[in-house]
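Visitor: I'm passing along query19.cif; it holds mmCIF, C-alpha atoms.
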data_structure
loop_
_atom_site.label_atom_id
_atom_site.label_comp_id
_atom_site.auth_asym_id
_atom_site.auth_seq_id
_atom_site.Cartn_x
_atom_site.Cartn_y
_atom_site.Cartn_z
CA MET A 22 -9.41 21.25 8.04
CA LYS A 23 -6.37 19.19 7.06
CA LYS A 24 -5.85 17.19 3.89
CA ILE A 25 -3.61 14.20 3.31
CA VAL A 26 -3.10 12.24 0.11
CA LEU A 27 -2.69 8.46 0.10
CA LEU A 28 -1.31 6.82 -3.04
CA ARG A 29 -0.88 3.14 -3.75
CA HIS A 30 2.17 2.52 -5.93
CA GLY A 31 1.74 2.02 -9.67
CA GLN A 32 1.36 -1.47 -11.10
CA SER A 33 4.41 -3.61 -10.27
CA THR A 34 5.92 -6.32 -12.42
CA TRP A 35 4.37 -8.93 -10.13
CA ASN A 36 0.98 -7.18 -10.20
CA LEU A 37 1.25 -7.60 -13.97
CA GLU A 38 2.08 -11.30 -13.54
CA ASN A 39 -0.73 -11.65 -10.95
CA ARG A 40 1.62 -12.87 -8.21
CA PHE A 41 1.45 -12.41 -4.45
CA THR A 42 4.18 -9.85 -3.79
CA GLY A 43 4.30 -8.84 -0.13
CA TRP A 44 7.81 -7.80 0.91
CA ILE A 45 9.53 -9.03 -2.27
CA ASP A 46 11.14 -5.91 -3.67
CA VAL A 47 9.92 -5.90 -7.26
CA ASP A 48 9.90 -2.77 -9.42
CA LEU A 49 7.20 -0.99 -11.40
CA SER A 50 5.98 -2.33 -14.71
CA GLU A 51 5.87 -0.04 -17.73
CA ARG A 52 2.21 0.60 -16.97
CA GLY A 53 3.12 1.30 -13.34
CA VAL A 54 5.52 4.04 -14.43
CA THR A 55 2.74 5.55 -16.55
CA GLU A 56 0.33 5.39 -13.60
CA ALA A 57 2.85 7.14 -11.35
CA ARG A 58 3.36 9.89 -13.93
CA GLU A 59 -0.37 10.35 -14.33
CA ALA A 60 -0.80 10.53 -10.54
CA GLY A 61 1.78 13.32 -10.40
CA ARG A 62 0.13 15.18 -13.27
CA THR A 63 -3.28 14.85 -11.65
CA LEU A 64 -2.02 16.17 -8.32
CA LYS A 65 -0.31 19.08 -10.04
CA ARG A 66 -3.39 19.88 -12.13
CA GLU A 67 -5.57 19.82 -8.99
CA GLY A 68 -3.22 22.26 -7.25
CA TYR A 69 -1.73 19.96 -4.62
CA GLU A 70 1.62 20.93 -3.12
CA PHE A 71 3.47 18.89 -0.49
CA ASP A 72 6.39 19.62 1.79
CA LEU A 73 7.00 16.11 3.13
CA ALA A 74 6.63 12.53 1.89
CA PHE A 75 6.24 9.20 3.69
CA THR A 76 6.83 5.87 1.99
CA SER A 77 7.87 2.27 2.61
CA TYR A 78 11.16 0.45 2.21
CA LEU A 79 10.01 -1.11 -1.08
CA LYS A 80 11.14 0.27 -4.43
CA ARG A 81 7.75 0.10 -6.15
CA ALA A 82 6.44 2.66 -3.67
CA ILE A 83 9.64 4.71 -3.58
CA ARG A 84 9.84 4.90 -7.38
CA THR A 85 6.16 5.83 -7.63
CA LEU A 86 6.84 8.71 -5.26
CA TRP A 87 9.91 9.83 -7.24
CA ILE A 88 8.06 9.78 -10.54
CA ALA A 89 4.98 11.57 -9.18
CA LEU A 90 7.13 14.26 -7.56
CA GLU A 91 9.12 14.67 -10.78
CA GLU A 92 5.88 15.42 -12.61
CA MET A 93 5.00 17.95 -9.89
CA ASP A 94 8.49 19.50 -9.92
CA GLN A 95 8.76 18.69 -6.21
CA MET A 96 11.65 16.22 -6.21
CA TRP A 97 13.31 18.27 -3.50
CA LEU A 98 10.80 17.06 -0.90
CA PRO A 99 12.26 15.50 2.26
CA THR A 100 11.20 11.86 2.37
CA ALA A 101 10.88 9.51 5.34
CA THR A 102 10.95 5.77 4.60
CA ASP A 103 9.72 3.25 7.13
CA TRP A 104 9.12 -0.50 7.04
CA ARG A 105 5.83 0.01 8.85
CA LEU A 106 4.37 1.29 5.57
CA ASN A 107 5.41 -1.90 3.75
CA GLU A 108 2.86 -4.15 2.12
CA ARG A 109 1.62 -6.94 4.38
CA HIS A 110 3.95 -9.94 4.38
CA TYR A 111 2.26 -12.74 2.42
CA GLY A 112 4.46 -15.47 3.88
CA ALA A 113 4.99 -18.55 1.73
CA LEU A 114 2.47 -17.25 -0.82
CA GLN A 115 4.98 -14.63 -2.01
CA GLY A 116 5.89 -15.24 -5.63
CA LEU A 117 2.95 -17.57 -6.33
CA ASN A 118 0.52 -16.81 -9.15
CA LYS A 119 -2.87 -15.99 -7.65
CA GLN A 120 -4.95 -17.93 -10.16
CA GLU A 121 -2.71 -20.99 -9.90
CA THR A 122 -3.01 -20.76 -6.11
CA VAL A 123 -6.81 -20.75 -6.48
CA GLU A 124 -6.62 -23.87 -8.65
CA LYS A 125 -4.52 -25.60 -5.98
CA TYR A 126 -6.24 -24.50 -2.76
CA GLY A 127 -9.68 -23.30 -3.91
CA ILE A 128 -11.13 -19.81 -4.19
CA GLU A 129 -12.57 -19.81 -0.66
CA GLN A 130 -9.21 -20.45 1.00
CA VAL A 131 -7.33 -18.00 -1.22
CA MET A 132 -9.88 -15.25 -0.59
CA LYS A 133 -9.47 -15.83 3.16
CA TRP A 134 -5.71 -15.40 2.75
CA ARG A 135 -6.12 -12.31 0.53
CA ARG A 136 -8.96 -10.53 2.30
CA GLY A 137 -9.66 -12.15 5.67
CA TYR A 138 -8.90 -9.63 8.39
CA ALA A 139 -7.14 -11.96 10.84
CA VAL A 140 -6.25 -14.91 8.58
CA LEU A 141 -2.53 -15.65 8.29
CA PRO A 142 -1.09 -16.98 5.01
CA PRO A 143 1.26 -19.98 5.37
CA GLU A 144 4.46 -18.92 7.12
CA LEU A 145 7.64 -18.36 5.14
CA ASP A 146 10.43 -20.74 6.15
CA PRO A 147 12.81 -18.73 8.41
CA GLU A 148 15.70 -20.18 6.39
CA ASP A 149 14.28 -19.03 3.06
CA PRO A 150 16.77 -16.58 1.48
CA THR A 151 13.93 -14.11 0.84
CA HIS A 152 13.10 -13.92 4.55
CA PRO A 153 13.48 -10.30 5.76
CA ARG A 154 15.85 -11.39 8.54
CA PHE A 155 18.51 -11.77 5.82
CA ASP A 156 17.87 -8.26 4.42
CA SER A 157 20.05 -5.48 5.83
CA ARG A 158 17.29 -2.89 5.59
CA TYR A 159 15.42 -4.77 8.33
CA ALA A 160 18.43 -5.23 10.59
CA ARG A 161 16.89 -2.95 13.23
CA VAL A 162 13.43 -4.51 13.03
CA LEU A 163 12.79 -6.74 16.03
CA ASN A 164 11.52 -10.13 14.82
CA PRO A 165 10.74 -9.29 11.18
CA PRO A 166 7.65 -11.21 10.11
CA SER A 167 7.40 -14.56 8.33
CA THR A 168 3.74 -13.85 7.51
CA GLU A 169 1.12 -11.22 8.36
CA SER A 170 -2.63 -10.86 8.40
CA LEU A 171 -4.26 -7.49 7.76
CA SER A 172 -4.85 -7.21 11.51
CA ILE A 173 -1.11 -7.54 12.17
CA THR A 174 -0.38 -5.03 9.40
CA LEU A 175 -2.73 -2.60 11.11
CA GLU A 176 -0.80 -3.04 14.36
CA ARG A 177 2.25 -1.42 12.73
CA VAL A 178 0.52 1.07 10.41
CA VAL A 179 -1.74 2.76 12.96
CA PRO A 180 1.06 3.47 15.48
CA TYR A 181 3.03 4.97 12.59
CA TRP A 182 0.07 7.24 11.87
CA PHE A 183 -0.01 8.46 15.46
CA ASP A 184 3.77 8.57 16.05
CA THR A 185 4.88 10.12 12.76
CA VAL A 186 2.11 11.39 10.51
CA ILE A 187 -0.10 13.21 13.01
CA PRO A 188 2.84 15.13 14.56
CA ALA A 189 3.72 16.32 11.04
CA LEU A 190 0.13 17.44 10.47
CA LYS A 191 0.08 19.20 13.85
CA ALA A 192 3.24 21.04 12.82
CA GLY A 193 1.45 22.37 9.75
CA ARG A 194 3.16 20.07 7.26
CA ALA A 195 1.47 18.95 4.04
CA PRO A 196 2.49 15.30 3.53
CA ILE A 197 1.78 12.61 0.96
CA ILE A 198 1.88 8.90 1.83
CA VAL A 199 2.87 6.48 -0.94
CA ALA A 200 2.43 2.90 0.19
CA HIS A 201 0.74 -0.39 -0.70
CA GLY A 202 -2.68 -1.93 -1.06
CA ASN A 203 -2.80 -3.51 2.39
CA SER A 204 -0.93 -0.88 4.38
CA ILE A 205 -3.37 1.68 2.95
CA ARG A 206 -6.32 -0.63 3.66
CA ALA A 207 -5.14 -0.89 7.27
CA LEU A 208 -4.93 2.89 7.60
CA ILE A 209 -8.35 3.37 5.98
CA LYS A 210 -9.85 0.80 8.36
CA HIS A 211 -8.66 2.98 11.22
CA LEU A 212 -9.62 6.33 9.67
CA ASP A 213 -13.13 5.25 8.65
CA SER A 214 -13.76 2.87 11.58
CA ILE A 215 -14.51 0.02 9.18
CA SER A 216 -15.54 -3.26 10.78
CA ASP A 217 -13.46 -6.42 10.54
CA ASP A 218 -16.06 -7.96 8.23
CA GLU A 219 -16.56 -4.94 5.98
CA ILE A 220 -12.84 -4.35 5.38
CA THR A 221 -12.69 -7.59 3.36
CA ALA A 222 -14.58 -5.86 0.51
CA LEU A 223 -12.29 -2.82 0.32
CA ASN A 224 -9.96 -2.65 -2.68
CA ILE A 225 -7.32 0.00 -3.42
CA PRO A 226 -6.48 0.81 -7.07
CA THR A 227 -2.90 1.34 -8.19
CA GLY A 228 -1.73 4.83 -9.01
CA ILE A 229 -4.88 6.84 -8.22
CA PRO A 230 -4.52 9.50 -5.47
CA LEU A 231 -6.95 9.21 -2.55
CA VAL A 232 -7.59 12.40 -0.59
CA TYR A 233 -8.66 12.42 3.05
CA GLU A 234 -10.03 15.54 4.70
CA LEU A 235 -9.51 15.56 8.47
CA ASP A 236 -11.01 17.67 11.23
CA ASP A 237 -8.96 19.49 13.87
CA ASP A 238 -8.71 16.28 15.90
CA PHE A 239 -7.44 14.39 12.80
CA ASN A 240 -10.61 12.37 12.39
CA ALA A 241 -11.67 11.59 8.84
CA VAL A 242 -14.48 13.81 7.59
CA LYS A 243 -14.48 13.03 3.87
CA ASN A 244 -12.49 11.08 1.29
CA TYR A 245 -12.42 10.91 -2.50
CA TYR A 246 -10.26 9.64 -5.36
CA LEU A 247 -8.86 12.07 -7.92
CA ALA A 248 -10.32 10.15 -10.87
CA ASP A 249 -13.52 10.06 -12.87
CA SER A 250 -16.02 7.34 -12.00
CA ALA A 251 -15.34 5.20 -15.08
CA GLN A 252 -11.56 5.17 -14.48
CA LEU A 253 -12.03 4.39 -10.79
CA ASP A 254 -14.59 1.63 -11.36
CA SER A 255 -12.35 -0.05 -13.91
CA ALA A 256 -9.30 0.09 -11.61
CA LEU A 257 -11.22 -1.24 -8.59
CA ASN A 258 -12.78 -4.03 -10.64
CA GLU A 259 -9.34 -5.13 -11.80
CA VAL A 260 -8.06 -5.44 -8.24
CA ALA A 261 -11.18 -7.25 -7.07
CA HIS A 262 -10.93 -9.92 -9.77
CA GLN A 263 -7.25 -10.86 -9.52
CA THR A 264 -8.17 -14.41 -8.47
CA SER A 265 -10.82 -14.99 -11.14
CA ALA A 266 -10.14 -17.28 -14.06
CA SER A 267 -11.00 -14.52 -16.53
CA HIS A 268 -8.50 -12.02 -15.10
#
Take the structure I supplied and represent it as structure tokens, if you would.
Guide:
Amino acid sequence: MKKIVLLRHGQSTWNLENRFTGWIDVDLSERGVTEAREAGRTLKREGYEFDLAFTSYLKRAIRTLWIALEEMDQMWLPTATDWRLNERHYGALQGLNKQETVEKYGIEQVMKWRRGYAVLPPELDPEDPTHPRFDSRYARVLNPPSTESLSITLERVVPYWFDTVIPALKAGRAPIIVAHGNSIRALIKHLDSISDDEITALNIPTGIPLVYELDDDFNAVKNYYLADSAQLDSALNEVAHQTSASH
């Protein structure tokens, strides 16, 4: 039996402002730093030890990893960063307030953009200065995206799982993956064989470790969050209601 921990980064400054973030490289909010510290403390208290870390190219995930490992006294861990663990690219929605976007386009359309499996948000203008083609970290990425659906995100996350993560597990490594709401949703869709329709209801809380137990063929057997039910329910409810007027 193998175990792997998945961790969505702590709350970012744009999570706090309820904006679509995508590939915009915003940092953690003060609460996000606290969430990252608590994730590290929880993992240490539960006896988890890692010898390898995987994360994205985005600082909110990288900093979450640093802070969690600092709390675990494991800052020495070798870390592999890869754009394939990035959040999905939200196209021209990036930077927009979610509630204001609902008021402009309607809740039905915005929920399709947020949660529809194969629905593409409006494309980012290729000449927009925030387009990843102008960012040196993506210089080796062939045709960096102008927008992505969850299905397209899955097409980069799942090969990463097979090409990079599973070989590490086969070699006896004990890795942690720190990534983003939609890159983790894409991986969970694969691991749990969730249907295209059912994945729309899946939310990932910030800063709460999710443990997957895998069999010898690296199929998911069991998963659970390292949090009590009240904490988890509150965190999931917050993510689910980001487009509601009361949020």
Visitor: Quick one: which region 214-236 of chain A residues come within 12 Å of region 119-133 of chain A, and what is the nearest atom pair for each with the distance in Å to one decimal, counting only C-alpha atoms, rows ordered by chain and ascending number, as CSV?
Guide:
residue,atom,partner,partner_atom,distance
A:Asp218,CA,A:Lys133,CA,11.4
A:Thr221,CA,A:Lys133,CA,8.8
A:Ala222,CA,A:Met132,CA,10.6
Visitor: Show me a table, sorted first by chain and then by increasing residue number, of the residues of region 44-149 of chain A having an atom at most 9 Å from region 161-181 of chain A, each with its shortest atom pair and the distance in Å to one decimal, counting all atoms listed in the file and written as a tab-separated table.
Guide:
residue	atom	partner	partner_atom	distance
A:Asp103	CA	A:Tyr181	CA	8.8
A:Trp104	CA	A:Val162	CA	8.4
A:Arg105	CA	A:Arg177	CA	5.5
A:Leu106	CA	A:Val178	CA	6.2
A:Asn107	CA	A:Thr174	CA	8.7
A:Glu108	CA	A:Thr174	CA	8.0
A:Arg109	CA	A:Thr174	CA	5.7
A:His110	CA	A:Thr168	CA	5.0
A:Tyr111	CA	A:Thr168	CA	5.4
A:Gly112	CA	A:Thr168	CA	4.0
A:Ala113	CA	A:Thr168	CA	7.6
A:Trp134	CA	A:Ser170	CA	7.9
A:Arg135	CA	A:Ser170	CA	8.7
A:Arg136	CA	A:Leu171	CA	7.8
A:Gly137	CA	A:Leu171	CA	7.4
A:Tyr138	CA	A:Leu171	CA	5.1
A:Ala139	CA	A:Ser170	CA	5.2
A:Val140	CA	A:Ser170	CA	5.4
A:Leu141	CA	A:Ser170	CA	4.8
A:Pro142	CA	A:Thr168	CA	6.3
A:Pro143	CA	A:Thr168	CA	7.0
A:Glu144	CA	A:Thr168	CA	5.1
A:Leu145	CA	A:Ser167	CA	5.0
A:Asp146	CA	A:Ser167	CA	7.2
A:Pro147	CA	A:Ser167	CA	6.8
Visitor: Tell me which residues the PyMOL selection byres ((chain A and resi 257) around 12) grabs here, as a VMD selection string.
Guide: chain A and resid 202 222 to 229 246 248 250 to 256 258 to 263
Visitor: Just the residues within 12 Å of Gly193 (chain A), please, counting only C-alpha atoms, with nothing from its chain fewer than 3 positions along; format it as a PDB file with C-alpha atoms, keeping the file's coordinate frame.
Guide:
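Contents of out10.pdb, freshly written:
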ATOM      1  CA  MET A  22      -9.410  21.250   8.040  1.00  0.00           C
ATOM      2  CA  LYS A  23      -6.370  19.190   7.060  1.00  0.00           C
ATOM      3  CA  LYS A  24      -5.850  17.190   3.890  1.00  0.00           C
ATOM      4  CA  ILE A  25      -3.610  14.200   3.310  1.00  0.00           C
ATOM      5  CA  PHE A  71       3.470  18.890  -0.490  1.00  0.00           C
ATOM      6  CA  ASP A  72       6.390  19.620   1.790  1.00  0.00           C
ATOM      7  CA  LEU A  73       7.000  16.110   3.130  1.00  0.00           C
ATOM      8  CA  VAL A 186       2.110  11.390  10.510  1.00  0.00           C
ATOM      9  CA  ILE A 187      -0.100  13.210  13.010  1.00  0.00           C
ATOM     10  CA  PRO A 188       2.840  15.130  14.560  1.00  0.00           C
ATOM     11  CA  ALA A 189       3.720  16.320  11.040  1.00  0.00           C
ATOM     12  CA  LEU A 190       0.130  17.440  10.470  1.00  0.00           C
ATOM     13  CA  PRO A 196       2.490  15.300   3.530  1.00  0.00           C
ATOM     14  CA  ASP A 237      -8.960  19.490  13.870  1.00  0.00           C
TER      15      ASP A 237
END
Visitor: Using the chain letters and numbers from this file, what does the PyMOL selection byres ((chain A and resi 232) around 10) select? Give the answer as a PyMOL selection string.
Guide: chain A and resi 24-28+197+229-231+233-235+243-247
Visitor: Provide an axis-aligned box for all listed atoms of region 36-49 of chain A, padding each side by 5 Å; report its centre and its edge lengths in Å to one decimal, as AutoDock Vina command-line options.
Guide:
--center_x 5.2 --center_y -6.9 --center_z -6.5 --size_x 21.9 --size_y 21.9 --size_z 24.9
Visitor: Residues within 8 Å of Ser50 (chain A), please, as a list in words. Count all atoms listed in the file; anything in the same chain fewer than 6 positions from it doesn't count.
Guide: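 Near neighbours after the sequence-gap exclusion: Gly31, Gln32, Ser33, Thr34 and Leu37 of chain A.
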Visitor: Mind checking which residues fall within 6 Å of Ala82 (chain A), counting all atoms listed in the file, ignoring those fewer than 2 positions away in the same chain, and posting them as a list of chain:residue names?
Guide: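 Final neighbour list, sorted by chain and number: A:His30, A:Leu79, A:Lys80, A:Arg84, A:Thr85, A:Val199, A:Ala200.
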Visitor: Mind checking which residues fall within 7 Å of region 61-63 of chain A, counting all atoms listed in the file, ignoring those fewer than 3 positions away in the same chain, and posting them as a compact mmCIF listing (two decimals) with C-alpha atoms, in the frame of the given file?
Guide:
# COMPACT_ATOMS: atom_id res chain seq x y z
CA ALA A 57 2.85 7.14 -11.35
CA ARG A 58 3.36 9.89 -13.93
CA ARG A 66 -3.39 19.88 -12.13
CA GLU A 67 -5.57 19.82 -8.99
CA ALA A 89 4.98 11.57 -9.18
CA LEU A 90 7.13 14.26 -7.56
CA GLU A 92 5.88 15.42 -12.61
CA MET A 93 5.00 17.95 -9.89
Visitor: CA of Trp35 (chain A) to CA of Glu91 (chain A): how many Å, to one decimal?
Guide: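 Taking CA of Trp35 (chain A) and CA of Glu91 (chain A), their separation equals 24.1 Å.
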